[in-house]
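Worksheet: the structure to be examined is printed underneath.
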Amino acid sequence: MLSAVEMFSGIGGWHMALSLLGRDLGVQIERAFDTNLIANTVYCENFGLQPEPASLEKIAPERLSHAVWFLSPPCQPHTTAGKQLGAADSRSDALAHLVSLLPRARPKFVILENVPPFETSSSCEQLIKALEDINLNVVQFQLSSTDFGTPNERKRYYLVARERAFASSSTSEPLRSIPGSKYFDEHGKSRNDPKPIQAFLVEDEQTDLKPRKQLLRPGYKHDIVTPSSFSCSTFTKGYGHHTFGGPLLCTDNSIKPLRFYECGPDSPVRLFSSREIMSLMGFPKSFRFPPHTSEGQRRRLLGNSLNIEVAKEIIQFVFSEAA
């Protein structure tokens, strides 16, 4: 059994994907790190492992002596909604320190997720060089969760590395499909059309899902979708608080979907609940939040997580003998 560590673990997206794949894969997460104490309680609730709230900027290499590294470092230094300071952003310091530890920690596998602009950052360039310096082979991906059967758009960058060479090498140009995945044909075209949003809605939802008045002020535009829509924008940690934090669901079926439409205070729209967001992001119904967490906290934590179905396919690719 390969020992793994999940860094910037959040609510445990990588751990969830690994758990759904089963123990036969031969990988077990034995340690996790995150400074978000609320996220850590959710992680422990689901996996029985308490993440360490230690900052990773100065962590010692012996604490990371695991064969597999899972990482989802902060995306804010690279996201188009921010200042895009990259390595100059202090939130990149932890990843920079981890990169510096690679020659001493020497993991056998590295799996990382971030936003697409990370690919062109100096942080990514330094990471790839450090991985190649310890003789790990690298493959990059830019993938959208809509290619995996979900109507929620979540475009993300993935980097994977291992000692054994990959059949597909993509150090310079990210792949847009996963070789050997059931979701793509031999030409890299998606086999799956997304299901309608209706398939992910919770009929007995009791949560108050009326948007805050500030979100419906004149001049703010939203991604308005209906239950019959086959696509909706990305949920972020600002969902329910910021205008571009994610889509709104129209409760009037006679209205057609309107991408980035201005709403008024009486518009027939509502937020998606945390349970619905979980479903759209591939989390199983068995995943749970502690009772003390609020609906807003749950949505924020999910907005910081990853699509579980895509994560499963990435993990399978890395540990596949044929890849």
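In the structure tokens, each chain is lettered A, B, ... as it comes, each chain's residues begin at 1, and ligands are numbered from 1 in order of appearance.
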Exercise. Which residues, written as a list in words, have at least one atom at most 9 Å from Ala17 of chain A, with only C-alpha atoms counted and residues fewer than 2 positions away on the same chain left out?
Worked result: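 Neighbouring residues, sequence-local ones excluded: Gly12, Gly13, Trp14, His15, Ser19, Leu20, Leu21, Phe283, Asn307, Ile308, Glu309, Val310, Ala311, Lys312, Glu313 and Ile315 of chain A.
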Keeping only all heavy atoms, write those residues as a compact mmCIF listing (two decimals), in the first residue's frame.
# COMPACT_ATOMS: atom_id res chain seq x y z
N GLY A 12 -11.42 17.51 1.39
CA GLY A 12 -10.98 16.17 1.03
C GLY A 12 -11.42 15.68 -0.33
O GLY A 12 -11.78 14.51 -0.48
N GLY A 13 -11.34 16.53 -1.33
CA GLY A 13 -11.74 16.12 -2.68
C GLY A 13 -10.94 14.96 -3.21
O GLY A 13 -11.49 13.98 -3.73
N TRP A 14 -9.62 15.02 -3.08
CA TRP A 14 -8.77 13.92 -3.56
C TRP A 14 -9.02 12.66 -2.74
O TRP A 14 -9.06 11.55 -3.27
CB TRP A 14 -7.29 14.31 -3.49
CG TRP A 14 -6.85 15.28 -4.53
CD1 TRP A 14 -6.39 16.55 -4.33
CD2 TRP A 14 -6.84 15.09 -5.95
NE1 TRP A 14 -6.09 17.15 -5.52
CE2 TRP A 14 -6.34 16.27 -6.54
CE3 TRP A 14 -7.19 14.02 -6.78
CZ2 TRP A 14 -6.19 16.42 -7.91
CZ3 TRP A 14 -7.04 14.16 -8.17
CH2 TRP A 14 -6.55 15.35 -8.72
N HIS A 15 -9.21 12.82 -1.43
CA HIS A 15 -9.47 11.67 -0.56
C HIS A 15 -10.80 11.01 -0.94
O HIS A 15 -10.91 9.78 -0.96
CB HIS A 15 -9.51 12.13 0.90
CG HIS A 15 -9.23 11.03 1.88
ND1 HIS A 15 -8.57 11.23 3.07
CD2 HIS A 15 -9.51 9.69 1.85
CE1 HIS A 15 -8.46 10.08 3.72
NE2 HIS A 15 -9.05 9.14 3.00
N SER A 19 -11.23 7.24 -2.22
CA SER A 19 -12.09 6.31 -1.48
C SER A 19 -13.08 5.62 -2.41
O SER A 19 -13.35 4.42 -2.25
CB SER A 19 -12.85 7.06 -0.38
OG SER A 19 -11.97 7.62 0.56
N LEU A 20 -13.62 6.35 -3.36
CA LEU A 20 -14.60 5.76 -4.29
C LEU A 20 -13.95 4.76 -5.23
O LEU A 20 -14.61 3.84 -5.72
CB LEU A 20 -15.28 6.87 -5.10
CG LEU A 20 -16.20 7.80 -4.29
CD1 LEU A 20 -16.68 8.96 -5.15
CD2 LEU A 20 -17.39 7.03 -3.72
N LEU A 21 -12.65 4.90 -5.48
CA LEU A 21 -11.95 3.95 -6.34
C LEU A 21 -11.63 2.65 -5.61
O LEU A 21 -11.40 1.62 -6.24
CB LEU A 21 -10.66 4.58 -6.87
CG LEU A 21 -10.85 5.71 -7.89
CD1 LEU A 21 -9.52 6.39 -8.19
CD2 LEU A 21 -11.46 5.17 -9.18
N PHE A 283 -19.83 14.60 -5.68
CA PHE A 283 -19.75 14.03 -4.34
C PHE A 283 -20.90 13.04 -4.13
O PHE A 283 -22.03 13.31 -4.55
CB PHE A 283 -19.83 15.13 -3.27
CG PHE A 283 -18.56 15.90 -3.08
CD1 PHE A 283 -18.26 16.97 -3.91
CD2 PHE A 283 -17.67 15.56 -2.07
CE1 PHE A 283 -17.09 17.69 -3.75
CE2 PHE A 283 -16.49 16.28 -1.88
CZ PHE A 283 -16.20 17.35 -2.73
N ASN A 307 -14.00 18.65 -8.75
CA ASN A 307 -14.98 17.71 -9.26
C ASN A 307 -14.48 16.28 -9.02
O ASN A 307 -13.38 15.92 -9.47
CB ASN A 307 -15.23 17.95 -10.75
CG ASN A 307 -16.31 17.05 -11.30
OD1 ASN A 307 -16.10 15.86 -11.55
ND2 ASN A 307 -17.50 17.61 -11.50
N ILE A 308 -15.27 15.50 -8.31
CA ILE A 308 -14.83 14.17 -7.88
C ILE A 308 -14.68 13.21 -9.05
O ILE A 308 -13.75 12.39 -9.09
CB ILE A 308 -15.80 13.60 -6.83
CG1 ILE A 308 -15.91 14.55 -5.63
CG2 ILE A 308 -15.33 12.22 -6.37
CD1 ILE A 308 -14.60 14.88 -4.96
N GLU A 309 -15.57 13.29 -10.02
CA GLU A 309 -15.49 12.37 -11.15
C GLU A 309 -14.22 12.60 -11.97
O GLU A 309 -13.56 11.65 -12.39
CB GLU A 309 -16.74 12.51 -12.04
CG GLU A 309 -16.95 11.36 -13.01
CD GLU A 309 -17.12 10.02 -12.31
OE1 GLU A 309 -17.67 9.97 -11.19
OE2 GLU A 309 -16.68 8.99 -12.88
N VAL A 310 -13.87 13.87 -12.18
CA VAL A 310 -12.63 14.17 -12.90
C VAL A 310 -11.43 13.69 -12.08
O VAL A 310 -10.49 13.10 -12.62
CB VAL A 310 -12.51 15.68 -13.20
CG1 VAL A 310 -11.24 15.96 -13.99
CG2 VAL A 310 -13.73 16.17 -13.96
N ALA A 311 -11.47 13.94 -10.77
CA ALA A 311 -10.36 13.52 -9.91
C ALA A 311 -10.16 12.00 -9.96
O ALA A 311 -9.03 11.51 -9.98
CB ALA A 311 -10.62 13.97 -8.47
N LYS A 312 -11.26 11.25 -9.97
CA LYS A 312 -11.17 9.79 -10.06
C LYS A 312 -10.45 9.37 -11.34
O LYS A 312 -9.58 8.48 -11.32
CB LYS A 312 -12.57 9.17 -10.03
CG LYS A 312 -13.20 9.11 -8.66
CD LYS A 312 -14.68 8.76 -8.75
CE LYS A 312 -14.95 7.48 -9.51
NZ LYS A 312 -16.40 7.19 -9.63
N GLU A 313 -10.82 10.00 -12.45
CA GLU A 313 -10.21 9.63 -13.74
C GLU A 313 -8.73 10.00 -13.78
O GLU A 313 -7.92 9.26 -14.35
CB GLU A 313 -10.97 10.31 -14.88
CG GLU A 313 -12.39 9.81 -15.07
CD GLU A 313 -12.46 8.33 -15.44
OE1 GLU A 313 -11.81 7.94 -16.43
OE2 GLU A 313 -13.15 7.58 -14.73
N ILE A 315 -6.70 10.10 -11.15
CA ILE A 315 -6.00 9.14 -10.30
C ILE A 315 -5.82 7.80 -11.03
O ILE A 315 -4.75 7.19 -11.01
CB ILE A 315 -6.75 8.94 -8.97
CG1 ILE A 315 -6.71 10.22 -8.15
CG2 ILE A 315 -6.16 7.78 -8.18
CD1 ILE A 315 -7.61 10.19 -6.91
For this session: Name the residues in contact with segment 52-56 of chain A at a cut-off of 7 Å, using only C-alpha atoms, excluding same-chain residues fewer than 3 positions from it; report them as number ranges by chain.
Result: A: 32-35, 37, 59, 94
For this session: Go through segment 25-233 of chain A and collect every residue that DSSP, computed from the backbone, puts in alpha helix (DSSP H); the answer should be as a VMD selection string.
Result: chain A and resid 37 to 47 93 to 105 122 to 133
Saved selection, atoms kept: N, CA and C atoms, as a JSON list (two decimals), in the first residue's frame:
[["chain", "number", "residue", "atom", "x", "y", "z"],
["A", 37, "LEU", "N", -9.88, 25.54, 9.62],
["A", 37, "LEU", "CA", -10.33, 24.65, 10.70],
["A", 37, "LEU", "C", -11.72, 24.08, 10.44],
["A", 38, "ILE", "N", -12.58, 24.84, 9.77],
["A", 38, "ILE", "CA", -13.91, 24.33, 9.46],
["A", 38, "ILE", "C", -13.81, 23.22, 8.43],
["A", 39, "ALA", "N", -12.98, 23.43, 7.40],
["A", 39, "ALA", "CA", -12.76, 22.39, 6.40],
["A", 39, "ALA", "C", -12.21, 21.13, 7.06],
["A", 40, "ASN", "N", -11.34, 21.31, 8.04],
["A", 40, "ASN", "CA", -10.73, 20.16, 8.71],
["A", 40, "ASN", "C", -11.76, 19.33, 9.48],
["A", 41, "THR", "N", -12.77, 19.98, 10.04],
["A", 41, "THR", "CA", -13.81, 19.21, 10.74],
["A", 41, "THR", "C", -14.64, 18.39, 9.75],
["A", 42, "VAL", "N", -14.89, 18.95, 8.56],
["A", 42, "VAL", "CA", -15.62, 18.22, 7.53],
["A", 42, "VAL", "C", -14.80, 17.03, 7.05],
["A", 43, "TYR", "N", -13.51, 17.25, 6.86],
["A", 43, "TYR", "CA", -12.61, 16.19, 6.42],
["A", 43, "TYR", "C", -12.62, 15.03, 7.43],
["A", 44, "CYS", "N", -12.47, 15.36, 8.70],
["A", 44, "CYS", "CA", -12.43, 14.33, 9.74],
["A", 44, "CYS", "C", -13.77, 13.61, 9.84],
["A", 45, "GLU", "N", -14.87, 14.33, 9.67],
["A", 45, "GLU", "CA", -16.21, 13.75, 9.72],
["A", 45, "GLU", "C", -16.38, 12.64, 8.68],
["A", 46, "ASN", "N", -15.76, 12.83, 7.51],
["A", 46, "ASN", "CA", -15.96, 11.89, 6.41],
["A", 46, "ASN", "C", -14.89, 10.80, 6.30],
["A", 47, "PHE", "N", -13.69, 11.10, 6.76],
["A", 47, "PHE", "CA", -12.60, 10.14, 6.54],
["A", 47, "PHE", "C", -11.94, 9.65, 7.82],
["A", 93, "ASP", "N", 3.59, 31.11, -1.56],
["A", 93, "ASP", "CA", 4.80, 30.77, -0.81],
["A", 93, "ASP", "C", 4.82, 29.31, -0.38],
["A", 94, "ALA", "N", 3.67, 28.78, 0.01],
["A", 94, "ALA", "CA", 3.64, 27.39, 0.47],
["A", 94, "ALA", "C", 4.03, 26.43, -0.65],
["A", 95, "LEU", "N", 3.48, 26.64, -1.85],
["A", 95, "LEU", "CA", 3.83, 25.77, -2.97],
["A", 95, "LEU", "C", 5.31, 25.91, -3.31],
["A", 96, "ALA", "N", 5.82, 27.14, -3.28],
["A", 96, "ALA", "CA", 7.24, 27.35, -3.57],
["A", 96, "ALA", "C", 8.12, 26.58, -2.59],
["A", 97, "HIS", "N", 7.72, 26.56, -1.33],
["A", 97, "HIS", "CA", 8.49, 25.82, -0.33],
["A", 97, "HIS", "C", 8.41, 24.31, -0.60],
["A", 98, "LEU", "N", 7.24, 23.82, -0.95],
["A", 98, "LEU", "CA", 7.10, 22.40, -1.25],
["A", 98, "LEU", "C", 7.95, 22.01, -2.45],
["A", 99, "VAL", "N", 8.00, 22.87, -3.45],
["A", 99, "VAL", "CA", 8.85, 22.61, -4.62],
["A", 99, "VAL", "C", 10.31, 22.51, -4.20],
["A", 100, "SER", "N", 10.73, 23.36, -3.29],
["A", 100, "SER", "CA", 12.12, 23.33, -2.82],
["A", 100, "SER", "C", 12.45, 22.07, -2.04],
["A", 101, "LEU", "N", 11.41, 21.40, -1.50],
["A", 101, "LEU", "CA", 11.62, 20.18, -0.70],
["A", 101, "LEU", "C", 11.67, 18.91, -1.56],
["A", 102, "LEU", "N", 11.29, 19.02, -2.81],
["A", 102, "LEU", "CA", 11.21, 17.82, -3.65],
["A", 102, "LEU", "C", 12.52, 17.01, -3.70],
["A", 103, "PRO", "N", 13.70, 17.64, -3.80],
["A", 103, "PRO", "CA", 14.93, 16.84, -3.83],
["A", 103, "PRO", "C", 15.17, 16.02, -2.57],
["A", 104, "ARG", "N", 14.62, 16.45, -1.44],
["A", 104, "ARG", "CA", 14.81, 15.71, -0.19],
["A", 104, "ARG", "C", 13.63, 14.78, 0.11],
["A", 105, "ALA", "N", 12.42, 15.22, -0.15],
["A", 105, "ALA", "CA", 11.26, 14.38, 0.13],
["A", 105, "ALA", "C", 11.09, 13.27, -0.91],
["A", 122, "SER", "N", 5.08, 31.17, -13.45],
["A", 122, "SER", "CA", 6.44, 30.76, -13.09],
["A", 122, "SER", "C", 6.41, 29.68, -12.02],
["A", 123, "SER", "N", 5.35, 29.66, -11.19],
["A", 123, "SER", "CA", 5.21, 28.60, -10.17],
["A", 123, "SER", "C", 5.13, 27.24, -10.84],
["A", 124, "CYS", "N", 4.36, 27.15, -11.92],
["A", 124, "CYS", "CA", 4.22, 25.89, -12.64],
["A", 124, "CYS", "C", 5.54, 25.51, -13.32],
["A", 125, "GLU", "N", 6.19, 26.49, -13.90],
["A", 125, "GLU", "CA", 7.47, 26.25, -14.56],
["A", 125, "GLU", "C", 8.50, 25.69, -13.58],
["A", 126, "GLN", "N", 8.56, 26.28, -12.38],
["A", 126, "GLN", "CA", 9.50, 25.82, -11.36],
["A", 126, "GLN", "C", 9.14, 24.42, -10.86],
["A", 127, "LEU", "N", 7.85, 24.16, -10.74],
["A", 127, "LEU", "CA", 7.41, 22.83, -10.30],
["A", 127, "LEU", "C", 7.80, 21.76, -11.29],
["A", 128, "ILE", "N", 7.55, 21.99, -12.56],
["A", 128, "ILE", "CA", 7.89, 20.99, -13.58],
["A", 128, "ILE", "C", 9.39, 20.73, -13.61],
["A", 129, "LYS", "N", 10.18, 21.80, -13.53],
["A", 129, "LYS", "CA", 11.64, 21.62, -13.53],
["A", 129, "LYS", "C", 12.09, 20.80, -12.33],
["A", 130, "ALA", "N", 11.53, 21.08, -11.16],
["A", 130, "ALA", "CA", 11.92, 20.35, -9.95],
["A", 130, "ALA", "C", 11.52, 18.88, -10.05],
["A", 131, "LEU", "N", 10.37, 18.60, -10.63],
["A", 131, "LEU", "CA", 9.92, 17.20, -10.79],
["A", 131, "LEU", "C", 10.83, 16.46, -11.76],
["A", 132, "GLU", "N", 11.19, 17.10, -12.85],
["A", 132, "GLU", "CA", 12.06, 16.45, -13.82],
["A", 132, "GLU", "C", 13.47, 16.27, -13.26],
["A", 133, "ASP", "N", 13.90, 17.17, -12.38],
["A", 133, "ASP", "CA", 15.22, 17.05, -11.76],
["A", 133, "ASP", "C", 15.33, 15.84, -10.85]]
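Note that the spacing between atom CA of Pro151 of chain A and atom CA of Lys195 of chain A amounts to 6.1 Å.
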For this session: Go through A:Leu306, A:Leu301, A:Ala60, A:Val318 and flag the residue nearest Val139 of chain A, using only C-alpha atoms for the distances.
Result: A:Val318
Problem set entry | Within 10 Å of Arg270 of chain A using only C-alpha atoms, minus same-chain residues under 5 positions, as JSON, numbers by chain | {"A": [208, 209, 210, 211, 212, 224, 240, 247, 248, 249, 250, 251]}
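Distance annotation: of A:Phe235, A:Phe230, A:Phe317, A:Phe141, the residue with the minimal separation from Ala199 of chain A is A:Phe230; atom set is only C-alpha atoms.
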For this session: Assign secondary structure with DSSP using the backbone only, and return the residues of segment 103-288 of chain A in strand (DSSP E) as an NGL selection string.
Result: :A and (109-114 or 137-144 or 155-162 or 170-175 or 221-225 or 248-250 or 258-262 or 269-270)
Residues from the last selection, N, CA and C atoms, saved as a compact mmCIF listing (two decimals), in the first residue's frame:
# COMPACT_ATOMS: atom_id res chain seq x y z
N PHE A 109 5.03 9.85 -6.76
CA PHE A 109 3.90 10.31 -7.55
C PHE A 109 3.49 11.70 -7.03
N VAL A 110 3.14 12.59 -7.95
CA VAL A 110 2.63 13.91 -7.59
C VAL A 110 1.40 14.19 -8.45
N ILE A 111 0.31 14.63 -7.81
CA ILE A 111 -0.94 14.95 -8.51
C ILE A 111 -1.42 16.30 -8.01
N LEU A 112 -1.54 17.26 -8.93
CA LEU A 112 -1.88 18.65 -8.57
C LEU A 112 -3.06 19.15 -9.38
N GLU A 113 -3.90 19.98 -8.74
CA GLU A 113 -5.04 20.61 -9.41
C GLU A 113 -5.02 22.10 -9.14
N ASN A 114 -5.37 22.90 -10.19
CA ASN A 114 -5.44 24.35 -10.02
C ASN A 114 -6.28 24.93 -11.15
N ASN A 137 8.39 11.79 -14.51
CA ASN A 137 7.82 12.11 -15.81
C ASN A 137 6.51 12.87 -15.61
N VAL A 138 6.30 13.92 -16.40
CA VAL A 138 5.19 14.84 -16.20
C VAL A 138 4.21 14.81 -17.37
N VAL A 139 2.93 14.84 -17.04
CA VAL A 139 1.86 15.04 -18.02
C VAL A 139 0.92 16.11 -17.47
N GLN A 140 0.49 17.02 -18.35
CA GLN A 140 -0.42 18.08 -17.96
C GLN A 140 -1.77 17.92 -18.68
N PHE A 141 -2.82 18.41 -18.02
CA PHE A 141 -4.16 18.38 -18.59
C PHE A 141 -4.85 19.71 -18.38
N GLN A 142 -5.73 20.07 -19.30
CA GLN A 142 -6.72 21.12 -19.07
C GLN A 142 -8.05 20.47 -19.40
N LEU A 143 -8.89 20.30 -18.36
CA LEU A 143 -10.12 19.53 -18.51
C LEU A 143 -11.32 20.31 -17.99
N SER A 144 -12.48 20.02 -18.59
CA SER A 144 -13.72 20.61 -18.12
C SER A 144 -14.62 19.49 -17.63
N LYS A 155 -13.62 24.25 -15.38
CA LYS A 155 -12.38 24.03 -16.13
C LYS A 155 -11.21 24.12 -15.17
N ARG A 156 -10.37 23.10 -15.21
CA ARG A 156 -9.25 23.06 -14.29
C ARG A 156 -7.98 22.50 -14.97
N TYR A 157 -6.86 22.90 -14.40
CA TYR A 157 -5.55 22.42 -14.82
C TYR A 157 -5.12 21.30 -13.88
N TYR A 158 -4.58 20.24 -14.44
CA TYR A 158 -4.07 19.11 -13.65
C TYR A 158 -2.65 18.79 -14.11
N LEU A 159 -1.79 18.53 -13.16
CA LEU A 159 -0.44 18.08 -13.45
C LEU A 159 -0.21 16.78 -12.69
N VAL A 160 0.31 15.77 -13.39
CA VAL A 160 0.60 14.49 -12.75
C VAL A 160 2.04 14.10 -13.07
N ALA A 161 2.66 13.42 -12.14
CA ALA A 161 4.05 13.01 -12.33
C ALA A 161 4.29 11.66 -11.66
N ARG A 162 5.13 10.85 -12.27
CA ARG A 162 5.50 9.56 -11.69
C ARG A 162 6.86 9.13 -12.24
N SER A 170 3.28 15.12 -22.11
CA SER A 170 2.70 16.43 -22.40
C SER A 170 3.28 17.50 -21.48
N THR A 171 4.60 17.60 -21.48
CA THR A 171 5.24 18.61 -20.65
C THR A 171 4.97 20.01 -21.18
N SER A 172 4.93 20.17 -22.50
CA SER A 172 4.81 21.49 -23.08
C SER A 172 3.38 21.91 -23.39
N GLU A 173 2.50 20.95 -23.66
CA GLU A 173 1.13 21.28 -24.06
C GLU A 173 0.15 20.38 -23.31
N PRO A 174 -0.75 20.96 -22.53
CA PRO A 174 -1.70 20.14 -21.76
C PRO A 174 -2.64 19.34 -22.67
N LEU A 175 -2.94 18.12 -22.27
CA LEU A 175 -3.91 17.30 -22.97
C LEU A 175 -5.32 17.78 -22.63
N LYS A 221 -25.12 41.20 -13.37
CA LYS A 221 -25.60 40.19 -14.30
C LYS A 221 -25.25 38.80 -13.79
N HIS A 222 -26.14 37.85 -14.05
CA HIS A 222 -26.00 36.50 -13.51
C HIS A 222 -26.17 35.45 -14.61
N ASP A 223 -25.63 34.28 -14.34
CA ASP A 223 -25.86 33.13 -15.20
C ASP A 223 -27.17 32.49 -14.75
N ILE A 224 -28.24 32.72 -15.50
CA ILE A 224 -29.55 32.19 -15.14
C ILE A 224 -29.80 30.89 -15.89
N VAL A 225 -30.03 29.82 -15.17
CA VAL A 225 -30.27 28.51 -15.79
C VAL A 225 -31.61 27.95 -15.31
N LEU A 248 -27.59 31.05 -10.95
CA LEU A 248 -28.86 31.09 -10.24
C LEU A 248 -29.85 30.22 -11.01
N LEU A 249 -30.73 29.56 -10.26
CA LEU A 249 -31.72 28.67 -10.88
C LEU A 249 -33.05 29.40 -11.01
N CYS A 250 -33.57 29.44 -12.23
CA CYS A 250 -34.87 30.07 -12.47
C CYS A 250 -35.98 29.08 -12.10
N LEU A 258 -30.90 32.31 -19.57
CA LEU A 258 -30.31 33.58 -19.99
C LEU A 258 -28.92 33.69 -19.38
N ARG A 259 -27.90 33.53 -20.20
CA ARG A 259 -26.53 33.60 -19.68
C ARG A 259 -26.17 35.06 -19.40
N PHE A 260 -25.81 35.34 -18.16
CA PHE A 260 -25.36 36.65 -17.72
C PHE A 260 -26.43 37.72 -17.97
N TYR A 261 -27.52 37.54 -17.26
CA TYR A 261 -28.70 38.38 -17.39
C TYR A 261 -28.90 39.16 -16.11
N GLU A 262 -29.37 40.40 -16.23
CA GLU A 262 -29.60 41.25 -15.07
C GLU A 262 -30.92 40.90 -14.40
N VAL A 269 -35.87 33.55 -9.21
CA VAL A 269 -34.60 32.81 -9.19
C VAL A 269 -34.26 32.42 -7.75
N ARG A 270 -33.47 31.39 -7.63
CA ARG A 270 -32.98 30.97 -6.32
C ARG A 270 -31.54 30.48 -6.44
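Nearest-residue note for Asp185 of chain A: choosing from A:Asp147, A:Asp252, A:Asp266, A:Asp24, the minimum distance belongs to A:Asp147, counting only C-alpha atoms.
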Exercise. By how many Å are atom CA of Pro117 of chain A and atom CA of Pro194 of chain A apart?
Worked result: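 Spanning atom CA of Pro117 of chain A to atom CA of Pro194 of chain A is a straight-line distance of 24.8 Å.
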For this session: To one decimal in Å, tell me the separation between atom CA of Ser305 of chain A and atom CA of Met281 of chain A.
Result: 8.7 Å
